[in-house]
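Here is data_39.txt, consisting of compact mmCIF, C-alpha atoms:
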# COMPACT_ATOMS: atom_id res chain seq x y z
CA MET A 975 -49.68 40.58 13.73
CA VAL A 976 -49.29 40.40 17.50
CA ARG A 977 -48.80 43.59 19.50
CA TYR A 978 -47.93 43.87 23.18
CA ILE A 979 -49.16 46.14 25.96
CA GLU A 980 -46.63 46.58 28.76
CA VAL A 981 -47.99 46.74 32.31
CA LYS A 982 -46.06 47.52 35.49
CA SER A 983 -47.68 46.44 38.74
CA ARG A 984 -46.74 47.94 42.10
CA ALA A 985 -48.47 45.64 44.61
CA ARG A 986 -48.81 41.88 45.07
CA SER A 987 -52.54 42.01 44.16
CA GLU A 988 -53.78 44.86 42.03
CA PHE A 989 -56.24 45.61 39.21
CA ILE A 990 -54.85 48.00 36.57
CA ASP A 991 -57.18 49.74 34.10
CA ILE A 992 -55.73 49.20 30.58
CA THR A 993 -58.81 50.32 28.60
CA GLU A 994 -57.09 53.38 27.15
CA GLN A 995 -54.00 51.38 26.10
CA VAL A 996 -56.25 48.86 24.33
CA HIS A 997 -58.14 51.71 22.63
CA GLU A 998 -54.82 53.04 21.33
CA VAL A 999 -53.93 49.71 19.75
CA VAL A 1000 -57.39 49.51 18.13
CA ARG A 1001 -57.01 53.04 16.73
CA SER A 1002 -53.51 52.32 15.40
CA PHE A 1003 -54.85 49.38 13.34
CA GLY A 1004 -57.65 51.45 11.79
CA VAL A 1005 -60.04 48.47 11.75
CA ARG A 1006 -63.68 49.63 11.46
CA SER A 1007 -65.45 46.38 12.28
CA GLY A 1008 -63.80 43.40 13.91
CA MET A 1009 -62.57 41.90 17.12
CA CYS A 1010 -59.92 42.82 19.68
CA HIS A 1011 -58.29 39.75 21.24
CA LEU A 1012 -56.34 40.09 24.50
CA PHE A 1013 -54.16 37.36 26.01
CA VAL A 1014 -52.09 37.51 29.21
CA LEU A 1015 -48.78 35.65 28.81
CA HIS A 1016 -48.41 34.88 32.53
CA THR A 1017 -49.68 32.19 34.91
CA THR A 1018 -50.10 34.40 38.00
CA ALA A 1019 -52.10 37.23 36.43
CA GLY A 1020 -55.44 37.61 34.66
CA ILE A 1021 -57.63 39.97 32.66
CA THR A 1022 -61.26 40.94 33.25
CA VAL A 1023 -63.93 43.38 32.08
CA ASN A 1024 -65.75 44.98 35.02
CA GLU A 1025 -66.96 48.26 36.51
CA GLY A 1026 -64.63 51.20 35.96
CA ALA A 1027 -66.66 54.03 37.53
CA ASP A 1028 -66.11 53.35 41.25
CA PRO A 1029 -62.63 52.18 42.38
CA ALA A 1030 -64.32 50.61 45.42
CA VAL A 1031 -65.52 47.76 43.18
CA GLN A 1032 -61.95 46.77 42.28
CA ARG A 1033 -60.94 47.04 45.95
CA ASP A 1034 -63.84 44.77 46.95
CA ILE A 1035 -62.98 42.24 44.23
CA VAL A 1036 -59.29 42.08 45.20
CA GLY A 1037 -60.23 41.76 48.88
CA PHE A 1038 -62.70 38.98 48.10
CA LEU A 1039 -60.17 37.01 46.02
CA ASN A 1040 -57.56 37.28 48.78
CA LYS A 1041 -60.06 35.87 51.29
CA LEU A 1042 -61.30 33.17 48.87
CA VAL A 1043 -57.80 31.94 47.99
CA PRO A 1044 -55.50 32.41 50.99
CA ASN A 1045 -51.93 31.18 50.67
CA ASP A 1046 -52.67 28.07 52.71
CA PRO A 1047 -49.94 25.87 54.18
CA TYR A 1048 -51.42 22.80 52.44
CA PHE A 1049 -50.17 24.09 49.06
CA THR A 1050 -47.22 22.06 47.79
CA HIS A 1051 -45.81 24.30 45.00
CA ALA A 1052 -42.35 25.29 46.29
CA GLU A 1053 -42.47 28.81 44.85
CA GLY A 1054 -45.20 29.61 47.36
CA ASN A 1055 -47.52 31.40 44.94
CA SER A 1056 -50.15 28.74 44.25
CA ASP A 1057 -52.81 31.23 45.35
CA ALA A 1058 -51.82 33.50 42.44
CA HIS A 1059 -52.04 30.58 39.95
CA ILE A 1060 -55.53 29.75 41.24
CA LYS A 1061 -56.73 33.38 41.03
CA SER A 1062 -55.36 33.54 37.48
CA MET A 1063 -57.44 30.48 36.54
CA LEU A 1064 -60.63 31.76 38.19
CA VAL A 1065 -60.41 35.20 36.54
CA GLY A 1066 -59.06 33.92 33.22
CA THR A 1067 -56.19 35.02 31.01
CA SER A 1068 -58.00 36.23 27.90
CA GLN A 1069 -60.73 38.59 26.76
CA ARG A 1070 -62.27 39.50 23.41
CA ILE A 1071 -63.99 42.82 22.80
CA PHE A 1072 -66.01 43.64 19.68
CA VAL A 1073 -64.82 46.53 17.51
CA ASP A 1074 -67.54 48.56 15.76
CA ASN A 1075 -67.14 51.90 13.96
CA GLY A 1076 -63.46 51.76 14.89
CA LYS A 1077 -64.21 51.63 18.63
CA LEU A 1078 -64.35 48.97 21.36
CA VAL A 1079 -67.94 47.89 22.10
CA LEU A 1080 -68.15 48.16 25.90
CA GLY A 1081 -71.13 48.74 28.18
CA THR A 1082 -71.50 52.10 29.95
CA TRP A 1083 -69.75 50.87 33.11
CA GLN A 1084 -67.25 48.45 31.59
CA SER A 1085 -63.47 48.89 31.70
CA ILE A 1086 -60.70 46.39 30.91
CA TYR A 1087 -58.51 45.41 33.86
CA PHE A 1088 -55.16 43.66 33.99
CA CYS A 1089 -55.24 41.62 37.21
CA GLU A 1090 -51.94 41.23 39.05
CA PHE A 1091 -51.84 38.42 41.62
CA ASP A 1092 -48.09 38.02 42.22
CA GLY A 1093 -46.57 41.48 41.79
CA PRO A 1094 -44.91 43.81 41.71
CA ARG A 1095 -43.71 42.76 38.23
CA ALA A 1096 -43.32 43.89 34.64
CA ARG A 1097 -46.04 42.15 32.60
CA ARG A 1098 -47.16 41.77 28.98
CA VAL A 1099 -50.59 41.43 27.37
CA ALA A 1100 -50.63 40.18 23.76
CA VAL A 1101 -53.14 41.98 21.50
CA LYS A 1102 -54.46 41.03 18.09
CA ILE A 1103 -57.04 42.93 16.05
CA THR A 1104 -58.93 40.98 13.39
CA ALA A 1105 -61.18 42.61 10.81
CA ASP A 1106 -64.56 41.15 9.86
CA GLU A 1107 -64.65 39.96 6.27
CA VAL A 1108 -66.81 42.32 4.21
CA MET B 558 -63.49 22.91 9.72
CA VAL B 559 -63.81 21.51 13.23
CA ARG B 560 -61.25 18.99 14.50
CA TYR B 561 -61.40 17.01 17.73
CA ILE B 562 -58.80 16.14 20.34
CA GLU B 563 -59.63 12.97 22.28
CA VAL B 564 -58.80 12.94 25.99
CA LYS B 565 -59.04 10.01 28.38
CA SER B 566 -59.18 10.85 32.06
CA ARG B 567 -58.32 8.35 34.79
CA ALA B 568 -59.47 10.09 37.98
CA ARG B 569 -62.58 11.98 39.09
CA SER B 570 -60.65 15.29 39.21
CA GLU B 571 -57.56 15.64 37.05
CA PHE B 572 -55.72 18.22 34.91
CA ILE B 573 -54.34 16.75 31.66
CA ASP B 574 -51.71 18.64 29.65
CA ILE B 575 -52.90 18.76 26.00
CA THR B 576 -50.43 21.42 24.76
CA GLU B 577 -48.61 19.01 22.46
CA GLN B 578 -51.87 17.70 20.94
CA VAL B 579 -52.98 21.28 20.24
CA HIS B 580 -49.58 22.05 18.69
CA GLU B 581 -50.04 19.06 16.37
CA VAL B 582 -53.40 20.35 15.14
CA VAL B 583 -51.89 23.81 14.53
CA ARG B 584 -49.01 22.29 12.57
CA SER B 585 -51.36 20.13 10.49
CA PHE B 586 -53.27 23.24 9.34
CA GLY B 587 -50.11 25.08 8.29
CA VAL B 588 -51.55 28.46 9.33
CA ARG B 589 -48.76 31.05 9.84
CA SER B 590 -50.74 33.77 11.58
CA GLY B 591 -54.14 33.27 13.16
CA MET B 592 -56.01 31.96 16.13
CA CYS B 593 -56.49 28.54 17.72
CA HIS B 594 -59.96 28.14 19.26
CA LEU B 595 -60.60 25.36 21.78
CA PHE B 596 -64.02 24.35 23.07
CA VAL B 597 -64.89 21.59 25.54
CA LEU B 598 -68.13 19.81 24.58
CA HIS B 599 -68.95 18.73 28.14
CA THR B 600 -70.67 20.29 31.16
CA THR B 601 -68.53 18.67 33.86
CA ALA B 602 -65.08 19.51 32.46
CA GLY B 603 -63.12 22.64 31.60
CA ILE B 604 -60.01 23.99 29.92
CA THR B 605 -57.38 26.38 31.28
CA VAL B 606 -53.97 27.82 30.50
CA ASN B 607 -51.66 27.69 33.52
CA GLU B 608 -48.20 26.73 34.75
CA GLY B 609 -46.76 23.60 33.16
CA ALA B 610 -43.30 23.47 34.76
CA ASP B 611 -44.13 22.20 38.25
CA PRO B 612 -46.84 19.51 38.60
CA ALA B 613 -47.37 20.72 42.19
CA VAL B 614 -49.29 23.71 40.80
CA GLN B 615 -51.89 21.48 39.16
CA ARG B 616 -52.13 19.39 42.35
CA ASP B 617 -52.69 22.55 44.42
CA ILE B 618 -55.34 23.84 41.99
CA VAL B 619 -57.27 20.54 41.96
CA GLY B 620 -57.08 20.34 45.76
CA PHE B 621 -58.30 23.93 46.11
CA LEU B 622 -61.27 23.37 43.76
CA ASN B 623 -62.28 20.22 45.65
CA LYS B 624 -62.27 22.18 48.91
CA LEU B 625 -64.04 25.20 47.37
CA VAL B 626 -66.83 23.13 45.79
CA PRO B 627 -67.53 20.08 47.97
CA ASN B 628 -70.35 17.78 46.90
CA ASP B 629 -72.67 19.21 49.54
CA PRO B 630 -75.93 17.51 50.55
CA TYR B 631 -77.88 20.71 49.76
CA PHE B 632 -77.40 20.10 46.03
CA THR B 633 -80.63 18.98 44.33
CA HIS B 634 -79.38 17.62 40.96
CA ALA B 635 -80.19 13.91 41.10
CA GLU B 636 -77.08 12.79 39.22
CA GLY B 637 -75.02 13.94 42.21
CA ASN B 638 -72.34 15.78 40.25
CA SER B 639 -73.38 19.42 40.70
CA ASP B 640 -69.91 20.15 42.07
CA ALA B 641 -68.45 19.16 38.68
CA HIS B 642 -70.89 21.45 36.82
CA ILE B 643 -69.90 24.35 39.10
CA LYS B 644 -66.15 23.73 38.66
CA SER B 645 -66.70 23.60 34.89
CA MET B 646 -68.36 27.03 35.03
CA LEU B 647 -65.67 28.58 37.25
CA VAL B 648 -62.79 27.31 35.09
CA GLY B 649 -64.58 27.81 31.76
CA THR B 650 -65.04 25.58 28.73
CA SER B 651 -63.12 27.48 26.05
CA GLN B 652 -59.73 29.01 25.32
CA ARG B 653 -58.22 30.90 22.39
CA ILE B 654 -54.49 30.97 21.76
CA PHE B 655 -52.80 33.24 19.20
CA VAL B 656 -50.87 31.56 16.37
CA ASP B 657 -47.80 33.42 15.11
CA ASN B 658 -45.09 32.09 12.77
CA GLY B 659 -47.01 28.83 12.72
CA LYS B 660 -46.72 28.36 16.48
CA LEU B 661 -48.96 28.87 19.51
CA VAL B 662 -48.14 32.12 21.34
CA LEU B 663 -47.77 31.00 24.97
CA GLY B 664 -45.80 32.51 27.84
CA THR B 665 -42.67 30.72 29.11
CA TRP B 666 -44.57 28.87 31.84
CA GLN B 667 -47.92 28.38 30.11
CA SER B 668 -49.38 25.00 29.16
CA ILE B 669 -52.92 24.10 28.06
CA TYR B 670 -54.82 21.83 30.44
CA PHE B 671 -57.98 19.82 29.95
CA CYS B 672 -59.71 19.85 33.35
CA GLU B 673 -61.64 16.71 34.30
CA PHE B 674 -64.12 17.14 37.15
CA ASP B 675 -66.30 14.02 36.79
CA GLY B 676 -64.03 11.30 35.45
CA PRO B 677 -62.82 8.87 34.57
CA ARG B 678 -64.33 9.40 31.11
CA ALA B 679 -63.57 9.66 27.40
CA ARG B 680 -63.77 13.36 26.46
CA ARG B 681 -63.57 15.58 23.36
CA VAL B 682 -62.20 19.08 22.78
CA ALA B 683 -63.30 20.80 19.57
CA VAL B 684 -60.52 22.74 17.80
CA LYS B 685 -60.74 25.33 15.05
CA ILE B 686 -57.83 27.20 13.48
CA THR B 687 -58.62 30.49 11.76
CA ALA B 688 -56.12 32.41 9.64
CA ASP B 689 -55.75 36.19 9.85
CA GLU B 690 -56.77 37.92 6.65
CA VAL B 691 -53.66 39.25 4.91
CA MET C 863 -72.20 43.81 12.26
CA VAL C 864 -73.25 43.63 15.90
CA ARG C 865 -76.67 42.28 16.82
CA TYR C 866 -78.30 42.33 20.25
CA ILE C 867 -80.31 39.78 22.18
CA GLU C 868 -82.66 41.35 24.74
CA VAL C 869 -83.08 39.53 28.05
CA LYS C 870 -85.50 40.38 30.85
CA SER C 871 -84.67 38.95 34.27
CA ARG C 872 -87.26 38.57 37.02
CA ALA C 873 -85.18 37.73 40.10
CA ARG C 874 -81.97 39.10 41.67
CA SER C 875 -80.04 35.93 40.76
CA GLU C 876 -81.25 33.84 37.84
CA PHE C 877 -79.93 31.79 34.91
CA ILE C 878 -81.90 32.31 31.68
CA ASP C 879 -81.56 29.86 28.77
CA ILE C 880 -80.87 31.92 25.60
CA THR C 881 -79.78 29.02 23.36
CA GLU C 882 -82.78 29.32 21.04
CA GLN C 883 -82.35 33.10 20.67
CA VAL C 884 -78.68 32.59 19.76
CA HIS C 885 -79.68 29.87 17.25
CA GLU C 886 -82.08 32.35 15.62
CA VAL C 887 -79.31 34.93 15.14
CA VAL C 888 -77.04 32.25 13.65
CA ARG C 889 -79.79 31.16 11.23
CA SER C 890 -80.54 34.76 10.22
CA PHE C 891 -76.91 35.24 9.15
CA GLY C 892 -76.84 32.10 7.03
CA VAL C 893 -73.19 31.41 7.87
CA ARG C 894 -72.29 27.74 7.21
CA SER C 895 -68.94 27.58 8.99
CA GLY C 896 -67.70 30.17 11.46
CA MET C 897 -67.91 31.42 14.98
CA CYS C 898 -70.64 32.91 17.15
CA HIS C 899 -69.30 35.50 19.59
CA LEU C 900 -71.40 36.54 22.59
CA PHE C 901 -70.59 39.48 24.88
CA VAL C 902 -72.57 40.71 27.90
CA LEU C 903 -72.53 44.52 28.12
CA HIS C 904 -73.06 44.63 31.90
CA THR C 905 -70.83 44.41 34.98
CA THR C 906 -73.27 42.55 37.24
CA ALA C 907 -74.23 39.72 34.86
CA GLY C 908 -72.46 36.90 33.04
CA ILE C 909 -72.82 34.20 30.40
CA THR C 910 -72.00 30.51 30.64
CA VAL C 911 -72.42 27.23 28.76
CA ASN C 912 -73.64 24.46 31.06
CA GLU C 913 -76.18 21.63 31.46
CA GLY C 914 -79.61 22.40 30.06
CA ALA C 915 -81.40 19.06 30.68
CA ASP C 916 -82.06 19.28 34.42
CA PRO C 917 -83.10 22.69 35.88
CA ALA C 918 -81.76 21.46 39.25
CA VAL C 919 -78.22 22.08 37.97
CA GLN C 920 -78.91 25.80 37.44
CA ARG C 921 -80.59 25.98 40.86
CA ASP C 922 -77.55 24.34 42.48
CA ILE C 923 -75.14 26.70 40.69
CA VAL C 924 -77.08 29.84 41.67
CA GLY C 925 -77.32 28.61 45.28
CA PHE C 926 -73.59 27.85 45.37
CA LEU C 927 -72.64 31.30 44.00
CA ASN C 928 -74.88 33.03 46.56
CA LYS C 929 -73.15 31.11 49.36
CA LEU C 930 -69.67 31.64 47.89
CA VAL C 931 -70.11 35.40 47.44
CA PRO C 932 -72.42 36.73 50.17
CA ASN C 933 -73.06 40.47 50.25
CA ASP C 934 -70.65 40.94 53.15
CA PRO C 935 -70.54 44.13 55.24
CA TYR C 936 -66.80 44.50 54.53
CA PHE C 937 -67.59 45.53 50.92
CA THR C 938 -66.99 49.25 50.36
CA HIS C 939 -68.81 49.87 47.02
CA ALA C 940 -71.67 52.24 47.97
CA GLU C 941 -74.16 50.73 45.52
CA GLY C 942 -74.17 47.57 47.63
CA ASN C 943 -73.88 45.10 44.76
CA SER C 944 -70.20 44.14 44.91
CA ASP C 945 -71.26 40.51 45.19
CA ALA C 946 -72.84 40.78 41.72
CA HIS C 947 -69.67 42.31 40.24
CA ILE C 948 -67.62 39.45 41.70
CA LYS C 949 -69.97 36.75 40.38
CA SER C 950 -69.86 38.42 36.96
CA MET C 951 -66.06 38.17 37.00
CA LEU C 952 -66.00 34.53 38.16
CA VAL C 953 -68.53 33.38 35.53
CA GLY C 954 -67.24 35.68 32.78
CA THR C 955 -68.98 38.02 30.35
CA SER C 956 -68.28 36.37 27.01
CA GLN C 957 -68.60 33.06 25.18
CA ARG C 958 -67.72 31.82 21.71
CA ILE C 959 -69.46 28.89 20.10
CA PHE C 960 -68.34 27.22 16.87
CA VAL C 961 -70.76 27.25 13.92
CA ASP C 962 -70.66 24.21 11.62
CA ASN C 963 -73.14 23.30 8.88
CA GLY C 964 -75.07 26.43 9.84
CA LYS C 965 -75.57 25.25 13.43
CA LEU C 966 -74.02 25.94 16.83
CA VAL C 967 -71.58 23.20 17.86
CA LEU C 968 -72.71 22.30 21.38
CA GLY C 969 -72.34 19.07 23.35
CA THR C 970 -75.41 16.92 24.01
CA TRP C 971 -76.08 18.52 27.39
CA GLN C 972 -74.89 22.06 26.72
CA SER C 973 -77.14 25.13 26.71
CA ILE C 974 -76.21 28.83 26.75
CA TYR C 975 -77.24 30.73 29.87
CA PHE C 976 -77.46 34.45 30.54
CA CYS C 977 -76.57 34.83 34.23
CA GLU C 978 -78.34 37.60 36.13
CA PHE C 979 -76.73 38.59 39.44
CA ASP C 980 -78.38 41.95 40.16
CA GLY C 981 -81.89 41.75 38.71
CA PRO C 982 -84.61 42.14 37.91
CA ARG C 983 -83.41 44.20 34.93
CA ALA C 984 -83.59 44.58 31.16
CA ARG C 985 -80.27 43.32 29.75
CA ARG C 986 -78.46 43.07 26.40
CA VAL C 987 -76.09 40.50 24.95
CA ALA C 988 -74.06 41.60 21.91
CA VAL C 989 -73.73 38.92 19.19
CA LYS C 990 -71.40 38.75 16.23
CA ILE C 991 -71.18 35.93 13.68
CA THR C 992 -67.94 35.60 11.74
CA ALA C 993 -67.49 33.29 8.75
CA ASP C 994 -64.39 31.16 8.27
CA GLU C 995 -62.37 32.18 5.24
CA VAL C 996 -62.75 29.53 2.54
This entry written out as structure tokens:
Amino acid sequence: MVRYIEVKSRARSEFIDITEQVHEVVRSFGVRSGMCHLFVLHTTAGITVNEGADPAVQRDIVGFLNKLVPNDPYFTHAEGNSDAHIKSMLVGTSQRIFVDNGKLVLGTWQSIYFCEFDGPRARRVAVKITADEV
Amino acid sequence: MVRYIEVKSRARSEFIDITEQVHEVVRSFGVRSGMCHLFVLHTTAGITVNEGADPAVQRDIVGFLNKLVPNDPYFTHAEGNSDAHIKSMLVGTSQRIFVDNGKLVLGTWQSIYFCEFDGPRARRVAVKITADEV
Amino acid sequence: MVRYIEVKSRARSEFIDITEQVHEVVRSFGVRSGMCHLFVLHTTAGITVNEGADPAVQRDIVGFLNKLVPNDPYFTHAEGNSDAHIKSMLVGTSQRIFVDNGKLVLGTWQSIYFCEFDGPRARRVAVKITADEV
């Protein structure tokens, strides 16, 4: 069964912490031991697991990506958002987190971020929880 | 059971749409609800999910990667294709797509691309379809 | 069941071949056909599958990443390791390798590397082996 997390971005480039929303889906399935699969259904957004303690890290990452992939005039895609497609590819559009004792297995500093690269938009992340065979 | 998709590249750097070939493997397994796992068995190629509607996007991505990772003289790997190894790492060598109602769950604009970075060559993508436990 | 591979890095940036340690976990589970899931529990490290034959490739990759993501003064994260967080995101913190006939399915030149970007440190990689339903 596929579930969906709805995300609303407010800037062109923005990282949005969705850890709590993913936790809620895991809890609602009641799986003790398994895997949480996340998949972004867009081509100008991504998903990553990175530091959640200091917001400066996300700011530095977004700033770096904007410098690394400027919207250069040599791009040929008429929509003018090739930079967002490239950032999406570099960051990736899926993540998998282990589930153990009914909880996501994340390191002390890890949070799950939806990565908007062509907002503001309404976005969707597909979620599937699979249980380990016993 | 592991299946293989054969890909033949014709340029050094090239994105090849393999969505239809992956669909065929999914159909042949007859799984209604599950996961399609894709894994590239090479170290100078990758796999990504990105826009399939406008070929200009793939052209812009390939052009950007060639600019980002030039084959610089400071590289020490004697084979002379370190740039291809680096692109492979940045893009990644695996993807997982949800299967629902017997079909791949992809966004409106998403296609699956094999990414050649050291062609032309004959390449292989390993595919596994797992069914959700009911 | 989640298992852990312990890794000890000795430099700030370093790729460490953990293929044999992953093989050992796979063997200890005795799964014939399935999937090996690897997840790095840190925000300044990564995991990749790339060439294992020539150590020059790893040296070239590490050198490239250090040039691509310098520790620029415009970073605002007080800990001063934003470059490591960015490299972690670009390389990724998880991998999945197929298991067939009780062995990891890897291409001729592929090895599994733990990628340290803020060492030296003691690190942990979470491992899960799932069996295909028969």
**OP:** Could you give me, as a ChimeraX atom specification, the residues within 8 Å of region 611-624 of chain B, counting all atoms listed in the file and dropping anything in the same chain fewer than 6 positions from it?
**Re:** /A:1049-1052,1056,1059-1060 /B:570-572,644
**OP:** List every protein, DNA or RNA residue that has at least one atom no more than 9 Å from (-58.5, 47.3, 27.9) in the file's coordinates, counting only C-alpha atoms, and write the result as a list in words.
**Re:** Asp991, Ile992, Thr993, Glu994, Gln995, Val996, His997, Leu1012, Ile1021, Thr1022, Val1023, Ile1071, Leu1078, Ser1085, Ile1086, Tyr1087 and Phe1088 of chain A
Original post:
Can you tell me, as an NGL selection string, which residues sit within 8 Å of (-75.0, 25.4, 11.7) in the file's frame, using all atoms listed in the file?
Top reply: :C and (888-889 or 893-895 or 961-967)
Taking a cut-off of 9 Å and counting all atoms listed in the file, can you build a table that, for each residue of chain A near chain B, reports the nearest atom pair and how far apart they are in Å (one decimal), sorted by chain then residue number, as CSV?
residue,atom,partner,partner_atom,distance
A:Met975,CA,B:Ser590,CA,7.2
A:Val976,CA,B:Asp657,CA,7.5
A:His1011,CA,B:Phe655,CA,8.8
A:Phe1013,CA,B:Ile654,CA,7.7
A:Val1014,CA,B:Gly664,CA,8.2
A:Leu1015,CA,B:Gly664,CA,4.4
A:His1016,CA,B:Gly664,CA,5.9
A:Thr1017,CA,B:Asn607,CA,5.1
A:Thr1018,CA,B:Asn607,CA,8.2
A:Leu1042,CA,B:Leu625,CA,8.6
A:Val1043,CA,B:Phe621,CA,8.2
A:Tyr1048,CA,B:Asp617,CA,8.1
A:Phe1049,CA,B:Asp617,CA,5.5
A:Thr1050,CA,B:Ala613,CA,5.8
A:His1051,CA,B:Ala613,CA,4.8
A:Ala1052,CA,B:Ala613,CA,7.9
A:Asn1055,CA,B:Val614,CA,8.9
A:Ser1056,CA,B:Val614,CA,6.2
A:Asp1057,CA,B:Ile618,CA,8.5
A:His1059,CA,B:Asn607,CA,7.1
A:Ile1060,CA,B:Ile618,CA,6.0
A:Ser1062,CA,B:Asn607,CA,8.0
A:Met1063,CA,B:Val648,CA,6.4
A:Leu1064,CA,B:Val648,CA,5.8
A:Val1065,CA,B:Val648,CA,8.4
A:Gly1066,CA,B:Val648,CA,7.8
A:Thr1067,CA,B:Val606,CA,7.6
A:Ser1068,CA,B:Arg653,CA,7.7
A:Ala1100,CA,B:Phe655,CA,8.6
A:Lys1102,CA,B:Phe655,CA,8.0
A:Thr1104,CA,B:Asp689,CA,6.8
A:Ala1105,CA,B:Glu690,CA,7.7
A:Glu1107,CA,B:Glu690,CA,8.1
Subject >> Selected residue, from B:Ala568, B:Val582, B:Ile562, B:Ala610, that lies nearest to Arg678 (chain B) when counting only C-alpha atoms >> reply: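 For Arg678 (chain B), the nearest of the given residues is B:Ala568.
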